[in-house]
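Enquirer: Mind looking over this structure? Questions follow.
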Amino acid sequence: MIRLICSEYRVNSVPDSLRAWNGPQIISDLNRSCNLIVTSTDASLEVIKKSIQLGADILISHHGLTWTDGRIPLPFSDDIEAKRTKLAIDNNLTIIGLHLPMDAHPILGNNAVLCKSIDAEFEGRWFATKGHSSPISNDFILEENNNSWPEIIDLEDGRKCMEIGIIAGVNSISRSEVKSRLEKLIGIEQTSHESIRCFPEDRNFESTLVNRIAICTGAAGGAIVEARDSDADLLISGEGPAHAAILAHESGVGLLLGGHHATETVGPKALAEWLTSESLNNNWGLKSTFISSPIGL
């Protein structure tokens, strides 16, 4: 199963931050049968506890264990996250991290799923990210999946570049309608009464018509200029810096922020559904489910 996941998400190719460490982060007994895989947005202590309570063999998380400083927290260290590692190891829970691979996947990715779920039509890519591919062993790769993935470009400084966001078309619908569709999709994963923040905050915002949307879940809310340069009328992301609200007002590009965590629940949910479908088609006897654990963002 580790090989299947790492191959499907091109873990050995997709460039990412050195903190991501895409692929297996904790590996339990490789010869142990796999009966339940759980997916999540974060590999928090709460999520790991829920995984163990469900009897999961593998946890696949968009944000893995390494985000503090790019390493696995040692189980007996004084790291805040050490309890996570120890609990996973003590309970034979394998943990796989899929950061930008889960954002960029052309079908199961956060951006692709969000695009389809709000009834928008894929038109192209945007939002270039730069980084390095995971140093994962080829033993964990079955076959590279190239179908419809964004192009990866080698840079002179040794890094790689890939556009993970999606430019999508809609047929002259109001911004309020886009907001309504987004709320319907991710509202359940929000803890705030105001799940979607809209900028600029004026009366004309909701009635303005939209034809082209720049989508990039997570923390791309500051990319107003890039969205404008892609001829987008509206940018959908999770969170952004303070100046993004001002740029949205001055540029004419609307901004919808649905929360970093909330907008990045759609990819893990899609993965759980895909694994369930693959299991039925191949008679694996495998179960898979998404673990919801809202954090208020």
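Residues are named by chain letter and number: chains run A, B, ... in the order of the structure tokens, numbers start at 1 in each chain, and ligands are numbered from 1 in the order shown.
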For stretch 50-57 of chain A, work out the shell of residues within 12 Å, counting only C-alpha atoms and skipping chain neighbours fewer than 6 positions away, then give it as an MDAnalysis selection string.
Expert: chainID A and resid 1:2 26:40 42:44 84 87:96 286:293
Enquirer: Quick one: write out the picked residues with C-alpha atoms as a PDB file, in the first residue's frame?
Expert:
ATOM      1  CA  MET A   1       0.000   0.000   0.000  1.00  0.00           C
ATOM      2  CA  ILE A   2       2.885   2.392   0.698  1.00  0.00           C
ATOM      3  CA  ILE A  26       6.956   6.269  10.267  1.00  0.00           C
ATOM      4  CA  ILE A  27       6.957   2.688   9.002  1.00  0.00           C
ATOM      5  CA  SER A  28       5.589  -0.159  11.098  1.00  0.00           C
ATOM      6  CA  ASP A  29       5.868  -3.845  10.168  1.00  0.00           C
ATOM      7  CA  LEU A  30       6.013  -3.985   6.348  1.00  0.00           C
ATOM      8  CA  ASN A  31       4.808  -7.595   6.376  1.00  0.00           C
ATOM      9  CA  ARG A  32       1.728  -6.793   8.432  1.00  0.00           C
ATOM     10  CA  SER A  33      -1.584  -6.972   6.586  1.00  0.00           C
ATOM     11  CA  CYS A  34      -3.331  -3.667   5.953  1.00  0.00           C
ATOM     12  CA  ASN A  35      -7.039  -3.594   6.770  1.00  0.00           C
ATOM     13  CA  LEU A  36      -7.793   0.072   7.444  1.00  0.00           C
ATOM     14  CA  ILE A  37      -6.258   3.257   6.056  1.00  0.00           C
ATOM     15  CA  VAL A  38      -7.312   6.613   7.458  1.00  0.00           C
ATOM     16  CA  THR A  39      -6.658   9.991   5.852  1.00  0.00           C
ATOM     17  CA  SER A  40      -6.462  13.429   7.420  1.00  0.00           C
ATOM     18  CA  ASP A  42      -3.036  17.084   9.830  1.00  0.00           C
ATOM     19  CA  ALA A  43      -1.052  14.459  11.732  1.00  0.00           C
ATOM     20  CA  SER A  44      -1.926  15.986  15.091  1.00  0.00           C
ATOM     21  CA  ARG A  84       2.785  11.847  18.360  1.00  0.00           C
ATOM     22  CA  LEU A  87       2.135   6.915  20.200  1.00  0.00           C
ATOM     23  CA  ALA A  88       2.313   5.952  16.521  1.00  0.00           C
ATOM     24  CA  ILE A  89       5.340   3.684  17.021  1.00  0.00           C
ATOM     25  CA  ASP A  90       3.898   2.035  20.137  1.00  0.00           C
ATOM     26  CA  ASN A  91       0.722   1.196  18.213  1.00  0.00           C
ATOM     27  CA  ASN A  92       2.307   0.081  14.911  1.00  0.00           C
ATOM     28  CA  LEU A  93       0.773   2.981  12.998  1.00  0.00           C
ATOM     29  CA  THR A  94       2.469   3.802   9.712  1.00  0.00           C
ATOM     30  CA  ILE A  95       2.297   7.505   8.820  1.00  0.00           C
ATOM     31  CA  ILE A  96       2.628   8.837   5.270  1.00  0.00           C
ATOM     32  CA  LEU A 286      -9.431  -2.800   2.607  1.00  0.00           C
ATOM     33  CA  LYS A 287     -11.435  -0.086   4.338  1.00  0.00           C
ATOM     34  CA  SER A 288     -10.631   3.611   4.303  1.00  0.00           C
ATOM     35  CA  THR A 289     -12.101   6.682   5.954  1.00  0.00           C
ATOM     36  CA  PHE A 290     -11.335  10.359   6.516  1.00  0.00           C
ATOM     37  CA  ILE A 291     -10.736  11.633  10.049  1.00  0.00           C
ATOM     38  CA  SER A 292     -12.230  15.063  10.639  1.00  0.00           C
ATOM     39  CA  SER A 293     -10.421  17.203  13.195  1.00  0.00           C
TER      40      SER A 293
END
Enquirer: Determine, counting only C-alpha atoms, which protein, DNA and RNA residues have an atom within 8 Å of an atom of stretch 184-200 of chain A; residues of the same chain fewer than 6 positions away are not included. Present the result as JSON, numbers by chain.
Expert: {"A": [117, 118, 245, 246, 248, 249, 254, 255, 256, 257, 258, 259, 262, 263, 265, 266, 292, 293, 294, 295, 296, 297]}
Enquirer: Next, write the just-selected residues to a file, as a PDB file, in the first residue's frame, keeping C-alpha atoms as the atom set.
Expert:
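So part-v1.pdb came out as:
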ATOM      1  CA  SER A 117     -17.010  20.488  -6.410  1.00  0.00           C
ATOM      2  CA  ILE A 118     -17.914  24.128  -7.090  1.00  0.00           C
ATOM      3  CA  ALA A 245      -7.262  42.305   1.638  1.00  0.00           C
ATOM      4  CA  ILE A 246      -5.935  45.656   0.404  1.00  0.00           C
ATOM      5  CA  ALA A 248      -8.125  42.585  -3.428  1.00  0.00           C
ATOM      6  CA  HIS A 249      -9.762  45.987  -3.036  1.00  0.00           C
ATOM      7  CA  GLY A 254     -12.086  39.176  -5.330  1.00  0.00           C
ATOM      8  CA  LEU A 255     -10.699  37.013  -2.530  1.00  0.00           C
ATOM      9  CA  LEU A 256     -12.459  34.158  -0.747  1.00  0.00           C
ATOM     10  CA  LEU A 257     -10.619  32.621   2.212  1.00  0.00           C
ATOM     11  CA  GLY A 258     -12.115  29.400   3.530  1.00  0.00           C
ATOM     12  CA  GLY A 259      -9.454  28.445   6.071  1.00  0.00           C
ATOM     13  CA  ALA A 262     -10.777  23.493   5.887  1.00  0.00           C
ATOM     14  CA  THR A 263      -9.885  24.003   2.225  1.00  0.00           C
ATOM     15  CA  THR A 265      -9.818  18.538   3.760  1.00  0.00           C
ATOM     16  CA  VAL A 266     -11.214  17.833   0.292  1.00  0.00           C
ATOM     17  CA  SER A 292     -12.230  15.063  10.639  1.00  0.00           C
ATOM     18  CA  SER A 293     -10.421  17.203  13.195  1.00  0.00           C
ATOM     19  CA  PRO A 294     -11.222  20.921  12.679  1.00  0.00           C
ATOM     20  CA  ILE A 295      -8.693  23.386  14.099  1.00  0.00           C
ATOM     21  CA  GLY A 296     -10.524  26.667  13.532  1.00  0.00           C
ATOM     22  CA  LEU A 297      -8.565  27.649  10.435  1.00  0.00           C
TER      23      LEU A 297
END
Enquirer: Check stretch 123-297 of chain A with DSSP on the backbone and list each residue it calls helix (DSSP H, G or I), as a ChimeraX atom specification.
Expert: /A:138-140,175-189,224-229,243-251,260-263,266-282
Enquirer: Would you save the residues of that selection, restricted to C-alpha atoms, as a compact mmCIF listing (two decimals), in the first residue's frame?
Expert:
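Contents of part-v2.txt, as written:
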# COMPACT_ATOMS: atom_id res chain seq x y z
CA ASN A 138 12.91 3.78 -5.45
CA ASP A 139 11.83 0.67 -3.54
CA PHE A 140 8.68 2.60 -2.65
CA ARG A 175 -19.35 35.91 -6.22
CA SER A 176 -22.05 35.17 -3.66
CA GLU A 177 -22.92 32.00 -5.59
CA VAL A 178 -19.28 30.91 -5.57
CA LYS A 179 -19.15 31.60 -1.84
CA SER A 180 -22.32 29.56 -1.31
CA ARG A 181 -20.87 26.59 -3.19
CA LEU A 182 -17.65 26.79 -1.20
CA GLU A 183 -19.52 26.98 2.11
CA LYS A 184 -21.53 23.90 1.16
CA LEU A 185 -18.30 22.05 0.43
CA ILE A 186 -16.17 22.92 3.46
CA GLY A 187 -18.51 24.50 6.01
CA ILE A 188 -18.65 21.31 8.09
CA GLU A 189 -14.89 21.54 8.63
CA ILE A 224 -3.53 38.42 -5.74
CA VAL A 225 -1.07 39.77 -8.31
CA GLU A 226 -0.45 36.31 -9.76
CA ALA A 227 -4.20 35.68 -9.92
CA ARG A 228 -4.73 38.97 -11.73
CA ASP A 229 -1.92 38.14 -14.16
CA HIS A 243 -1.99 43.05 2.60
CA ALA A 244 -4.05 40.60 0.52
CA ALA A 245 -7.26 42.30 1.64
CA ILE A 246 -5.93 45.66 0.40
CA LEU A 247 -4.72 44.19 -2.89
CA ALA A 248 -8.12 42.59 -3.43
CA HIS A 249 -9.76 45.99 -3.04
CA GLU A 250 -7.32 47.82 -5.31
CA SER A 251 -6.92 45.16 -8.02
CA HIS A 260 -6.12 26.71 5.54
CA HIS A 261 -7.21 23.48 7.18
CA ALA A 262 -10.78 23.49 5.89
CA THR A 263 -9.89 24.00 2.22
CA VAL A 266 -11.21 17.83 0.29
CA GLY A 267 -8.09 16.04 -1.00
CA PRO A 268 -7.78 13.63 1.94
CA LYS A 269 -11.51 12.89 1.68
CA ALA A 270 -11.13 12.13 -2.03
CA LEU A 271 -8.19 9.83 -1.31
CA ALA A 272 -10.22 7.83 1.23
CA GLU A 273 -13.03 7.45 -1.31
CA TRP A 274 -10.56 6.42 -4.03
CA LEU A 275 -8.97 3.77 -1.80
CA THR A 276 -12.39 2.38 -0.94
CA SER A 277 -13.28 2.18 -4.64
CA GLU A 278 -9.95 0.57 -5.55
CA SER A 279 -10.43 -1.97 -2.78
CA LEU A 280 -13.86 -2.95 -4.08
CA ASN A 281 -12.62 -3.20 -7.66
CA ASN A 282 -9.61 -5.32 -6.70
Enquirer: Quick one: residues within 12 Å of A:Ser134, only C-alpha atoms, excluding same-chain residues fewer than 6 positions away - as a compact mmCIF listing (two decimals) with C-alpha atoms, in the first residue's frame?
Expert:
# COMPACT_ATOMS: atom_id res chain seq x y z
CA CYS A 6 3.74 6.98 -3.22
CA TYR A 9 1.04 10.78 -5.91
CA ARG A 10 4.44 10.95 -7.64
CA VAL A 11 6.20 11.43 -4.31
CA ASN A 12 9.61 10.91 -5.91
CA SER A 13 9.06 13.70 -8.45
CA VAL A 14 6.91 16.51 -7.03
CA PRO A 15 9.05 19.41 -5.72
CA ASP A 16 8.27 20.60 -2.21
CA SER A 17 9.67 22.28 0.87
CA LEU A 18 12.45 20.43 2.67
CA ARG A 19 10.13 20.39 5.69
CA ALA A 20 7.54 18.29 3.90
CA TRP A 21 9.33 14.92 3.75
CA ASN A 22 6.71 13.41 1.47
CA GLY A 23 6.26 9.67 1.66
CA PRO A 24 6.53 7.31 4.64
CA GLN A 25 7.53 9.11 7.84
CA GLY A 70 11.85 19.29 8.70
CA GLY A 97 2.90 12.54 4.47
CA LEU A 98 1.56 13.97 1.20
CA HIS A 99 1.96 17.74 1.06
CA LEU A 100 2.21 19.28 -2.42
CA PRO A 101 1.62 15.89 -4.07
CA PHE A 140 8.68 2.60 -2.65
CA ILE A 141 7.82 3.50 -6.24
CA ARG A 159 15.53 23.06 -7.42
CA LYS A 160 12.44 22.13 -9.39
Enquirer: Residues within 7 Å of A:Phe127, please, as a list in words. Count only C-alpha atoms; anything in the same chain fewer than 4 positions from it doesn't count.
Expert: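 Those residues are Glu163, Ile164 and Gly165 of chain A.
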Enquirer: Of the residues A:Arg71, A:Gly221, A:Ile58, A:Phe122, which is the one nearest to A:Ala242, using only C-alpha atoms?
Expert: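 When distances to A:Ala242 are compared using only C-alpha atoms, the smallest one comes from A:Gly221.
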Enquirer: Fewer than 4 positions away in the same chain doesn't count, so skip those; otherwise give me all residues within 6 Å of A:Leu235, counting only C-alpha atoms, as an mmCIF file with C-alpha atoms, in the first residue's frame.
Expert:
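Saved to result.cif:
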data_model
loop_
_atom_site.group_PDB
_atom_site.id
_atom_site.type_symbol
_atom_site.label_atom_id
_atom_site.label_comp_id
_atom_site.auth_asym_id
_atom_site.auth_seq_id
_atom_site.Cartn_x
_atom_site.Cartn_y
_atom_site.Cartn_z
ATOM 1 C CA ILE A 213 -11.304 31.660 -10.775
ATOM 2 C CA ALA A 214 -7.778 31.089 -9.476
ATOM 3 C CA ILE A 215 -7.827 28.177 -7.018
ATOM 4 C CA LEU A 255 -10.699 37.013 -2.530
#
Enquirer: Let's see if you can do this: from backbone DSSP, list all strand (DSSP E) residues in stretch 8-238 of chain A, as JSON, numbers by chain.
Expert: {"A": [23, 24, 25, 26, 36, 37, 38, 39, 40, 41, 42, 58, 59, 60, 61, 62, 63, 94, 95, 96, 97, 121, 122, 123, 124, 125, 126, 127, 128, 129, 130, 131, 152, 153, 154, 160, 161, 162, 163, 164, 165, 166, 167, 168, 169, 170, 171, 172, 173, 174, 197, 198, 199, 209, 210, 211, 212, 213, 214, 215, 234, 235, 236, 237]}
Enquirer: Compile the contact shell of A:Ser148 as a list in words: residues with an atom at most 9 Å away, counting only C-alpha atoms, same-chain residues fewer than 4 positions apart removed.
Expert: His105, Pro106 and Ile107 of chain A
Enquirer: Residues as selected, C-alpha atoms, written as a short mmCIF file (atom, residue, chain, number, x, y, z; two decimals), in the first residue's frame, can you do that?
Expert:
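Saved file part.cif follows:
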data_model
loop_
_atom_site.label_atom_id
_atom_site.label_comp_id
_atom_site.auth_asym_id
_atom_site.auth_seq_id
_atom_site.Cartn_x
_atom_site.Cartn_y
_atom_site.Cartn_z
CA HIS A 105 -2.81 15.58 -8.07
CA PRO A 106 -4.91 16.21 -11.21
CA ILE A 107 -7.91 14.22 -9.95
#
